[in-house]
file run00.cif (mmCIF, C-alpha atoms)
data_coords
#
loop_
_atom_site.label_atom_id
_atom_site.label_comp_id
_atom_site.auth_asym_id
_atom_site.auth_seq_id
_atom_site.Cartn_x
_atom_site.Cartn_y
_atom_site.Cartn_z
CA MET A 1 -0.36 53.18 4.22
CA ALA A 2 -2.36 50.15 5.30
CA GLU A 3 -0.88 46.72 4.59
CA LYS A 4 -2.44 44.98 1.61
CA ILE A 5 -4.21 41.77 2.61
CA GLN A 6 -3.22 38.88 0.35
CA THR A 7 -5.06 35.67 -0.47
CA LEU A 8 -4.01 32.89 1.90
CA LYS A 9 -1.28 30.57 0.62
CA GLY A 10 -2.75 27.67 -1.34
CA PHE A 11 -6.08 29.44 -1.96
CA ARG A 12 -7.25 31.47 -4.95
CA ASP A 13 -9.74 34.11 -6.03
CA PHE A 14 -12.20 33.45 -8.82
CA TYR A 15 -12.88 36.57 -10.84
CA PRO A 16 -15.80 36.50 -13.31
CA GLU A 17 -13.69 35.09 -16.15
CA ASP A 18 -12.32 32.42 -13.80
CA CYS A 19 -15.83 31.49 -12.69
CA ALA A 20 -16.91 31.21 -16.32
CA ALA A 21 -14.08 28.74 -17.07
CA ARG A 22 -14.74 26.78 -13.86
CA ASN A 23 -18.48 26.59 -14.52
CA TYR A 24 -17.84 25.33 -18.06
CA VAL A 25 -15.83 22.45 -16.58
CA PHE A 26 -18.59 21.75 -14.04
CA ASP A 27 -21.19 21.72 -16.82
CA ARG A 28 -19.21 19.11 -18.78
CA TRP A 29 -18.75 16.99 -15.65
CA ARG A 30 -22.49 17.02 -14.99
CA ALA A 31 -23.43 16.32 -18.62
CA VAL A 32 -21.23 13.23 -18.88
CA ALA A 33 -22.27 11.89 -15.46
CA ARG A 34 -25.96 12.22 -16.33
CA ARG A 35 -25.36 10.62 -19.74
CA TYR A 36 -24.16 7.56 -17.82
CA GLY A 37 -27.20 7.59 -15.53
CA PHE A 38 -25.65 9.04 -12.37
CA VAL A 39 -27.53 11.38 -10.02
CA GLU A 40 -26.01 14.27 -8.08
CA TYR A 41 -25.64 14.51 -4.30
CA GLU A 42 -23.87 16.86 -1.90
CA ALA A 43 -22.36 16.57 1.58
CA PRO A 44 -21.33 19.19 4.17
CA LEU A 45 -18.05 21.09 3.89
CA LEU A 46 -17.52 20.50 7.61
CA GLU A 47 -17.55 16.97 9.02
CA SER A 48 -16.64 15.28 12.27
CA ALA A 49 -12.88 14.65 12.32
CA GLU A 50 -13.73 11.14 13.55
CA LEU A 51 -15.01 10.32 10.06
CA TYR A 52 -11.52 10.77 8.60
CA LYS A 53 -9.74 9.12 11.53
CA LYS A 54 -11.90 6.02 11.03
CA LYS A 55 -10.80 5.81 7.42
CA SER A 56 -7.12 6.76 7.75
CA GLY A 57 -6.13 6.78 11.44
CA GLU A 58 -4.97 9.59 13.74
CA GLU A 59 -2.11 10.58 11.42
CA ILE A 60 -4.61 12.01 8.91
CA LEU A 61 -5.14 15.02 11.20
CA GLY A 62 -1.79 16.45 10.10
CA GLN A 63 -3.22 16.80 6.57
CA LEU A 64 -6.50 18.45 7.58
CA PHE A 65 -7.80 21.88 8.44
CA HIS A 66 -9.28 20.76 11.77
CA PHE A 67 -10.27 22.46 15.00
CA GLU A 68 -12.54 22.22 18.04
CA ASP A 69 -15.84 24.06 17.65
CA ARG A 70 -17.73 25.88 20.40
CA GLY A 71 -19.51 22.67 21.31
CA GLU A 72 -16.07 21.09 21.98
CA ARG A 73 -16.47 18.81 18.99
CA GLU A 74 -13.44 17.97 16.84
CA VAL A 75 -14.35 18.92 13.28
CA ALA A 76 -12.54 19.21 9.93
CA LEU A 77 -13.01 20.80 6.52
CA ARG A 78 -13.48 17.88 4.17
CA PRO A 79 -10.32 16.78 2.31
CA GLU A 80 -12.26 14.38 0.04
CA LEU A 81 -15.83 13.22 -0.56
CA THR A 82 -15.62 9.44 -0.33
CA PRO A 83 -15.94 9.14 3.49
CA SER A 84 -19.00 11.42 3.39
CA LEU A 85 -20.47 9.26 0.63
CA ALA A 86 -19.94 6.13 2.74
CA ARG A 87 -21.55 7.83 5.75
CA MET A 88 -24.58 8.97 3.75
CA ALA A 89 -25.04 5.68 1.90
CA THR A 90 -24.96 3.56 5.05
CA ALA A 91 -27.30 5.95 6.91
CA ARG A 92 -30.08 5.41 4.35
CA GLN A 93 -29.02 2.26 2.54
CA ARG A 94 -32.53 0.77 2.78
CA ASP A 95 -34.06 3.74 0.95
CA TYR A 96 -32.32 3.26 -2.40
CA LYS A 97 -32.22 0.44 -4.92
CA LYS A 98 -28.76 -0.95 -5.63
CA PRO A 99 -26.49 -0.24 -7.23
CA LEU A 100 -26.31 3.43 -6.22
CA ARG A 101 -24.98 5.63 -9.02
CA TRP A 102 -24.06 8.96 -7.45
CA PHE A 103 -21.81 11.85 -8.43
CA GLY A 104 -20.73 14.99 -6.62
CA ILE A 105 -18.88 18.22 -7.43
CA GLY A 106 -17.44 20.02 -4.47
CA GLN A 107 -14.81 22.12 -2.77
CA PHE A 108 -12.15 20.41 -0.66
CA PHE A 109 -9.32 21.43 1.65
CA ARG A 110 -5.99 19.83 2.55
CA TYR A 111 -3.36 21.31 4.83
CA GLU A 112 -0.24 20.47 2.87
CA THR A 113 2.53 22.30 1.05
CA PRO A 114 1.10 23.79 -2.17
CA GLN A 115 2.75 22.55 -5.38
CA LYS A 116 2.03 22.45 -9.10
CA GLY A 117 -1.43 21.03 -9.63
CA ARG A 118 -2.06 20.62 -5.90
CA THR A 119 -3.25 23.47 -3.71
CA ARG A 120 -4.82 23.66 -0.26
CA GLU A 121 -8.25 24.45 -1.69
CA PHE A 122 -9.52 22.68 -4.81
CA TYR A 123 -12.59 21.39 -6.63
CA GLN A 124 -13.13 17.74 -7.46
CA PHE A 125 -15.54 15.59 -9.44
CA ASN A 126 -16.48 12.31 -7.75
CA VAL A 127 -18.41 9.48 -9.44
CA ASP A 128 -19.21 6.28 -7.54
CA ILE A 129 -21.10 3.03 -7.97
CA LEU A 130 -22.10 1.30 -4.72
CA GLY A 131 -23.60 -2.16 -4.38
CA GLU A 132 -22.24 -3.68 -7.61
CA PRO A 133 -19.74 -6.53 -7.01
CA SER A 134 -18.89 -7.29 -10.65
CA LYS A 135 -15.93 -5.75 -12.46
CA GLU A 136 -18.36 -4.21 -14.93
CA ALA A 137 -18.59 -1.34 -12.43
CA ASP A 138 -14.82 -0.79 -12.70
CA ALA A 139 -15.05 -0.83 -16.49
CA GLU A 140 -17.93 1.64 -16.51
CA LEU A 141 -16.09 4.18 -14.37
CA ALA A 142 -13.02 3.86 -16.57
CA ALA A 143 -15.25 4.33 -19.64
CA LEU A 144 -16.85 7.41 -18.11
CA SER A 145 -13.38 8.86 -17.46
CA ILE A 146 -12.43 8.31 -21.10
CA ASP A 147 -15.65 9.88 -22.40
CA LEU A 148 -15.18 12.85 -20.09
CA MET A 149 -11.70 13.49 -21.48
CA ARG A 150 -13.04 13.13 -25.02
CA ASP A 151 -15.82 15.59 -24.18
CA PHE A 152 -13.11 18.18 -23.49
CA GLY A 153 -11.59 17.46 -26.91
CA PHE A 154 -8.71 15.17 -25.93
CA THR A 155 -7.79 12.08 -27.97
CA SER A 156 -5.88 8.85 -27.40
CA GLU A 157 -2.73 10.77 -28.37
CA ASP A 158 -3.22 13.05 -25.36
CA PHE A 159 -4.05 10.63 -22.54
CA THR A 160 -4.26 7.00 -21.52
CA ILE A 161 -5.98 5.03 -18.76
CA ARG A 162 -3.30 3.20 -16.76
CA LEU A 163 -5.08 0.15 -15.34
CA SER A 164 -3.85 -1.88 -12.38
CA ASP A 165 -5.20 -4.16 -9.65
CA ARG A 166 -4.12 -4.38 -6.04
CA ASP A 167 -5.04 -8.06 -5.94
CA VAL A 168 -2.26 -8.70 -8.45
CA TRP A 169 0.24 -7.20 -6.00
CA ILE A 170 -1.14 -9.42 -3.23
CA ASP A 171 -0.27 -12.36 -5.51
CA PHE A 172 3.25 -10.95 -5.88
CA MET A 173 3.66 -10.54 -2.13
CA ARG A 174 2.55 -14.11 -1.58
CA ALA A 175 5.03 -15.40 -4.20
CA GLU A 176 7.86 -13.39 -2.62
CA GLY A 177 7.02 -14.58 0.91
CA ILE A 178 6.06 -11.08 2.08
CA ASP A 179 3.69 -11.72 4.96
CA LEU A 180 2.09 -8.52 6.26
CA PRO A 181 -1.16 -8.11 8.21
CA ASP A 182 -1.73 -4.93 6.15
CA PRO A 183 -0.21 -4.66 2.63
CA THR A 184 -0.44 -0.85 2.62
CA PRO A 185 3.22 -0.10 3.59
CA PHE A 186 4.50 -2.29 0.75
CA LEU A 187 1.99 -0.91 -1.77
CA GLN A 188 2.96 2.66 -0.86
CA VAL A 189 6.56 1.88 -1.84
CA ILE A 190 5.33 0.67 -5.25
CA ASP A 191 3.11 3.74 -5.58
CA LYS A 192 6.09 6.10 -5.10
CA MET A 193 8.56 4.26 -7.38
CA GLU A 194 8.20 6.69 -10.30
CA ARG A 195 8.80 9.72 -8.08
CA GLU A 196 11.71 8.54 -5.93
CA LYS A 197 15.36 7.72 -6.56
CA PRO A 198 15.95 4.07 -7.58
CA GLU A 199 18.41 3.47 -4.73
CA LEU A 200 15.84 4.60 -2.15
CA THR A 201 13.21 2.29 -3.67
CA GLU A 202 15.73 -0.57 -3.65
CA GLU A 203 16.47 -0.01 0.03
CA ARG A 204 12.80 0.03 0.95
CA LEU A 205 12.00 -3.07 -1.07
CA SER A 206 14.91 -4.95 0.52
CA ASN A 207 13.32 -4.30 3.92
CA PHE A 208 10.39 -6.41 2.70
CA GLY A 209 12.66 -9.18 1.41
CA THR A 210 12.38 -8.40 -2.30
CA SER A 211 14.15 -6.27 -4.91
CA ARG A 212 13.60 -3.70 -7.63
CA ALA A 213 14.60 -6.29 -10.25
CA ALA A 214 11.85 -8.66 -9.05
CA VAL A 215 9.31 -5.84 -9.03
CA ASP A 216 10.27 -4.63 -12.52
CA LYS A 217 10.05 -8.18 -13.91
CA PHE A 218 6.60 -8.56 -12.37
CA ILE A 219 5.41 -5.24 -13.83
CA ALA A 220 6.69 -6.30 -17.27
CA SER A 221 4.52 -9.44 -17.10
CA ALA A 222 1.36 -7.47 -16.30
CA GLY A 223 -0.55 -8.40 -19.43
CA GLU A 224 -0.57 -12.07 -18.43
CA SER A 225 -2.79 -11.49 -15.41
CA GLU A 226 -6.35 -12.83 -15.50
CA HIS A 227 -7.49 -10.08 -13.10
CA PHE A 228 -7.83 -7.56 -15.93
CA ALA A 229 -9.66 -9.72 -18.48
CA PRO A 230 -13.28 -8.68 -17.60
CA VAL A 231 -12.46 -4.95 -17.54
CA LEU A 232 -10.42 -5.04 -20.73
CA ALA A 233 -13.13 -7.06 -22.51
CA SER A 234 -15.81 -4.58 -21.47
CA LEU A 235 -13.78 -1.56 -22.61
CA ASP A 236 -12.98 -3.31 -25.89
CA ALA A 237 -16.70 -3.96 -26.47
CA ARG A 238 -17.30 -0.23 -25.95
CA GLY A 239 -14.67 0.59 -28.57
CA LEU A 240 -12.36 2.16 -26.00
CA SER A 241 -9.43 -0.25 -25.89
CA GLU A 242 -7.07 2.23 -27.59
CA PHE A 243 -7.32 4.43 -24.51
CA VAL A 244 -6.27 1.73 -22.01
CA SER A 245 -2.97 0.13 -21.01
CA VAL A 246 -2.24 -2.27 -18.16
CA ASP A 247 0.41 -0.75 -15.87
CA LEU A 248 1.10 -2.39 -12.51
CA GLY A 249 3.21 0.62 -11.53
CA VAL A 250 -0.09 2.30 -10.68
CA VAL A 251 -1.17 1.41 -7.13
CA ARG A 252 -2.57 4.69 -5.74
CA GLY A 253 -1.75 5.68 -2.21
CA LEU A 254 -5.07 5.42 -0.41
CA ALA A 255 -5.25 2.42 1.88
CA TYR A 256 -8.95 1.67 1.34
CA TYR A 257 -8.62 0.50 -2.28
CA THR A 258 -9.25 -3.24 -2.56
CA GLY A 259 -9.01 -4.21 -6.24
CA ILE A 260 -8.94 -2.47 -9.61
CA VAL A 261 -7.30 0.97 -9.60
CA PHE A 262 -6.66 3.32 -12.52
CA GLU A 263 -5.28 6.73 -13.43
CA VAL A 264 -5.99 9.06 -16.33
CA PHE A 265 -2.45 9.90 -17.36
CA ASP A 266 -1.13 12.71 -19.54
CA ARG A 267 0.92 11.04 -22.32
CA GLN A 268 3.21 14.07 -22.53
CA LYS A 269 3.91 13.78 -18.77
CA GLY A 270 3.49 17.52 -18.37
CA MET A 271 1.37 17.18 -15.23
CA ARG A 272 0.34 14.83 -12.47
CA ALA A 273 -2.29 12.17 -13.07
CA VAL A 274 -5.36 14.03 -14.34
CA ALA A 275 -7.76 11.76 -12.47
CA GLY A 276 -7.90 8.38 -10.81
CA GLY A 277 -10.03 5.93 -8.93
CA GLY A 278 -10.54 2.37 -7.87
CA ARG A 279 -12.59 -0.22 -6.03
CA TYR A 280 -13.09 0.08 -2.26
CA ASP A 281 -15.33 -2.79 -1.16
CA LYS A 282 -14.81 -2.37 2.59
CA LEU A 283 -15.09 1.37 3.18
CA CYS A 284 -18.84 1.53 3.96
CA GLY A 285 -18.43 -1.20 6.55
CA LEU A 286 -15.50 0.66 8.09
CA ILE A 287 -17.36 3.96 8.29
CA SER A 288 -20.58 2.44 9.64
#
call {"tool": "encode", "arguments": {"input": "run00.cif", "output": "structure tokens"}}
result
Amino acid sequence: MAEKIQTLKGFRDFYPEDCAARNYVFDRWRAVARRYGFVEYEAPLLESAELYKKKSGEEILGQLFHFEDRGEREVALRPELTPSLARMATARQRDYKKPLRWFGIGQFFRYETPQKGRTREFYQFNVDILGEPSKEADAELAALSIDLMRDFGFTSEDFTIRLSDRDVWIDFMRAEGIDLPDPTPFLQVIDKMEREKPELTEERLSNFGTSRAAVDKFIASAGESEHFAPVLASLDARGLSEFVSVDLGVVRGLAYYTGIVFEVFDRQKGMRAVAGGGRYDKLCGLIS
């Protein structure tokens, strides 16, 4: 008897009923994005590996499906859409009025250990505003996230937007005398606090000359920060303040974020963050 060929680990089949459910989700994504005035774009599944190394360094290759093609070019299946967006926007930035309001729905691939809610192949909805310096852009993307969740029938009892700002943590580092050319290593410790043992977090924070007690006290004082005022005021004017809470424990792990970050968080804590995003003012310059 011939051996039965199985689906590769971390990948899945979509039978007709699965496609119907997936396409319903895609339809809702598109409807909400267009309601907010965004237009759809698409990028290749296969990109130059250099695009991802520019954004994240050589170490990113360990997380990618990458190989050398017949033209001896190092290429990779895309793990996310943002670098492709930056490449496309800078290539034709003179052709479009600012701000750009683009969204994309696509398939992505990451070579990592599959776990609940995180597989090697997945679909993702990306919505971006480029060329808008004010924090109204941050508020609008948070508002879109709320309306998308409501479009699926969820209420403020089901989810919340956890709002944070990396600039606030730069203020903390300055106050604590933490002088780093790149704040990313410190911010990654903060980002992992909820998922790691307290003693491990304490050890890592002590290496930077601070403590868990100082961090917890700072997080508790989050509402006093002026950084959030414009975003909170905008969401309040939209009647969405019940869906939002300031939570400095949210940092998000990607190094290219430069300001406001947020996560759509399941209040019952039955899953990972449902969605997330943030400001990345320098990425287009880095890619170009």
call {"tool": "closest_residue", "arguments": {"input": "run00.cif", "among": "A:Tyr36, A:Tyr123, A:Phe152, A:Tyr52", "to": "Trp102 of chain A", "atoms": "all atoms listed in the file"}}
result
A:Tyr36
call {"tool": "residues_around", "arguments": {"input": "run00.cif", "residues": "Arg28 of chain A", "least_positions_apart": "6", "cutoff": "10 Å", "atoms": "only C-alpha atoms", "output": "list in words"}}
result
Arg34, Leu148, Met149, Asp151 and Phe152 of chain A
call {"tool": "atom_distance", "arguments": {"input": "run00.cif", "atom1": "atom CA of Leu187 of chain A", "atom2": "atom CA of Leu100 of chain A"}}
result
29.0 Å
call {"tool": "residues_around", "arguments": {"input": "run00.cif", "residues": "segment 225-229 of chain A", "least_positions_apart": "2", "cutoff": "10 Å", "atoms": "only C-alpha atoms", "output": "MDAnalysis selection string"}}
result
chainID A and resid 135 139 163:168 221:223 231:234 246 259:260
call {"tool": "closest_residue", "arguments": {"input": "run00.cif", "among": "A:Ser206, A:Ser156, A:Ser48, A:Asn23", "to": "Arg87 of chain A", "atoms": "only C-alpha atoms"}}
result
A:Ser48
call {"tool": "axis_aligned_box", "arguments": {"input": "run00.cif", "around": "segment 207-219 of chain A", "padding_each_side": "6 Å", "output": "lines of an AutoDock Vina configuration file"}}
result
center_x = 10.0
center_y = -6.4
center_z = -5.0
size_x = 21.2
size_y = 17.5
size_z = 29.8
call {"tool": "closest_residue", "arguments": {"input": "run00.cif", "among": "A:Thr160, A:Ser211, A:Gln63, A:Thr184", "to": "Arg120 of chain A", "atoms": "all atoms listed in the file"}}
result
A:Gln63
call {"tool": "resolve_selection", "arguments": {"input": "run00.cif", "expression": "the PyMOL selection byres ((chain A and resi 239-242) around 12)", "output": "PDB file with C-alpha atoms, in the frame of the given file"}}
result
ATOM      1  CA  ALA A 139     -15.050  -0.830 -16.490  1.00  0.00           C
ATOM      2  CA  GLU A 140     -17.930   1.640 -16.510  1.00  0.00           C
ATOM      3  CA  ALA A 142     -13.020   3.860 -16.570  1.00  0.00           C
ATOM      4  CA  ALA A 143     -15.250   4.330 -19.640  1.00  0.00           C
ATOM      5  CA  LEU A 144     -16.850   7.410 -18.110  1.00  0.00           C
ATOM      6  CA  SER A 145     -13.380   8.860 -17.460  1.00  0.00           C
ATOM      7  CA  ILE A 146     -12.430   8.310 -21.100  1.00  0.00           C
ATOM      8  CA  ASP A 147     -15.650   9.880 -22.400  1.00  0.00           C
ATOM      9  CA  ARG A 150     -13.040  13.130 -25.020  1.00  0.00           C
ATOM     10  CA  THR A 155      -7.790  12.080 -27.970  1.00  0.00           C
ATOM     11  CA  SER A 156      -5.880   8.850 -27.400  1.00  0.00           C
ATOM     12  CA  GLU A 157      -2.730  10.770 -28.370  1.00  0.00           C
ATOM     13  CA  ASP A 158      -3.220  13.050 -25.360  1.00  0.00           C
ATOM     14  CA  PHE A 159      -4.050  10.630 -22.540  1.00  0.00           C
ATOM     15  CA  THR A 160      -4.260   7.000 -21.520  1.00  0.00           C
ATOM     16  CA  ILE A 161      -5.980   5.030 -18.760  1.00  0.00           C
ATOM     17  CA  ARG A 162      -3.300   3.200 -16.760  1.00  0.00           C
ATOM     18  CA  LEU A 163      -5.080   0.150 -15.340  1.00  0.00           C
ATOM     19  CA  VAL A 231     -12.460  -4.950 -17.540  1.00  0.00           C
ATOM     20  CA  LEU A 232     -10.420  -5.040 -20.730  1.00  0.00           C
ATOM     21  CA  ALA A 233     -13.130  -7.060 -22.510  1.00  0.00           C
ATOM     22  CA  SER A 234     -15.810  -4.580 -21.470  1.00  0.00           C
ATOM     23  CA  LEU A 235     -13.780  -1.560 -22.610  1.00  0.00           C
ATOM     24  CA  ASP A 236     -12.980  -3.310 -25.890  1.00  0.00           C
ATOM     25  CA  ALA A 237     -16.700  -3.960 -26.470  1.00  0.00           C
ATOM     26  CA  ARG A 238     -17.300  -0.230 -25.950  1.00  0.00           C
ATOM     27  CA  PHE A 243      -7.320   4.430 -24.510  1.00  0.00           C
ATOM     28  CA  VAL A 244      -6.270   1.730 -22.010  1.00  0.00           C
ATOM     29  CA  SER A 245      -2.970   0.130 -21.010  1.00  0.00           C
ATOM     30  CA  VAL A 246      -2.240  -2.270 -18.160  1.00  0.00           C
TER      31      VAL A 246
END
call {"tool": "resolve_selection", "arguments": {"input": "run00.cif", "expression": "the PyMOL selection byres ((chain A and resi 68-83) around 6)", "output": "JSON, numbers by chain"}}
result
{"A": [45, 46, 47, 48, 49, 65, 66, 67, 84, 85, 86, 108, 109, 110]}
call {"tool": "atom_distance", "arguments": {"input": "run00.cif", "atom1": "atom CA of Pro99 of chain A", "atom2": "atom CA of Val32 of chain A"}}
result
18.6 Å
call {"tool": "decode", "arguments": {"input": "run00.cif", "residues": "segment 188-204 of chain A", "atoms": "N, CA and C atoms", "output": "mmCIF file, in the first residue's frame"}}
result
data_model
loop_
_atom_site.group_PDB
_atom_site.id
_atom_site.type_symbol
_atom_site.label_atom_id
_atom_site.label_comp_id
_atom_site.auth_asym_id
_atom_site.auth_seq_id
_atom_site.Cartn_x
_atom_site.Cartn_y
_atom_site.Cartn_z
ATOM 1 N N GLN A 188 11.935 44.858 23.995
ATOM 2 C CA GLN A 188 11.564 43.456 23.814
ATOM 3 C C GLN A 188 11.374 42.755 25.157
ATOM 4 N N VAL A 189 12.131 43.167 26.170
ATOM 5 C CA VAL A 189 11.927 42.621 27.517
ATOM 6 C C VAL A 189 10.547 43.018 28.033
ATOM 7 N N ILE A 190 10.163 44.279 27.832
ATOM 8 C CA ILE A 190 8.847 44.749 28.256
ATOM 9 C C ILE A 190 7.751 44.001 27.498
ATOM 10 N N ASP A 191 7.965 43.796 26.207
ATOM 11 C CA ASP A 191 6.983 43.132 25.356
ATOM 12 C C ASP A 191 6.703 41.704 25.823
ATOM 13 N N LYS A 192 7.707 41.036 26.399
ATOM 14 C CA LYS A 192 7.560 39.625 26.794
ATOM 15 C C LYS A 192 7.157 39.445 28.256
ATOM 16 N N MET A 193 6.973 40.534 29.000
ATOM 17 C CA MET A 193 6.732 40.433 30.442
ATOM 18 C C MET A 193 5.544 39.550 30.796
ATOM 19 N N GLU A 194 4.451 39.658 30.040
ATOM 20 C CA GLU A 194 3.244 38.902 30.363
ATOM 21 C C GLU A 194 3.427 37.409 30.123
ATOM 22 N N ARG A 195 4.377 37.035 29.257
ATOM 23 C CA ARG A 195 4.514 35.645 28.856
ATOM 24 C C ARG A 195 5.666 34.926 29.563
ATOM 25 N N GLU A 196 6.485 35.647 30.308
ATOM 26 C CA GLU A 196 7.654 35.028 30.921
ATOM 27 C C GLU A 196 7.572 35.075 32.447
ATOM 28 N N LYS A 197 8.347 34.222 33.091
ATOM 29 C CA LYS A 197 8.366 34.153 34.542
ATOM 30 C C LYS A 197 8.900 35.465 35.115
ATOM 31 N N PRO A 198 8.298 35.958 36.214
ATOM 32 C CA PRO A 198 8.708 37.234 36.812
ATOM 33 C C PRO A 198 10.192 37.302 37.147
ATOM 34 N N GLU A 199 10.757 36.192 37.634
ATOM 35 C CA GLU A 199 12.178 36.207 38.007
ATOM 36 C C GLU A 199 13.082 36.383 36.792
ATOM 37 N N LEU A 200 12.661 35.842 35.636
ATOM 38 C CA LEU A 200 13.455 36.023 34.416
ATOM 39 C C LEU A 200 13.376 37.477 33.954
ATOM 40 N N THR A 201 12.187 38.060 34.019
ATOM 41 C CA THR A 201 12.031 39.476 33.667
ATOM 42 C C THR A 201 12.871 40.354 34.589
ATOM 43 N N GLU A 202 12.840 40.050 35.890
ATOM 44 C CA GLU A 202 13.621 40.819 36.857
ATOM 45 C C GLU A 202 15.106 40.774 36.540
ATOM 46 N N GLU A 203 15.594 39.605 36.181
ATOM 47 C CA GLU A 203 17.009 39.446 35.839
ATOM 48 C C GLU A 203 17.373 40.270 34.608
ATOM 49 N N ARG A 204 16.516 40.233 33.608
ATOM 50 C CA ARG A 204 16.800 40.960 32.376
ATOM 51 C C ARG A 204 16.735 42.473 32.588
#
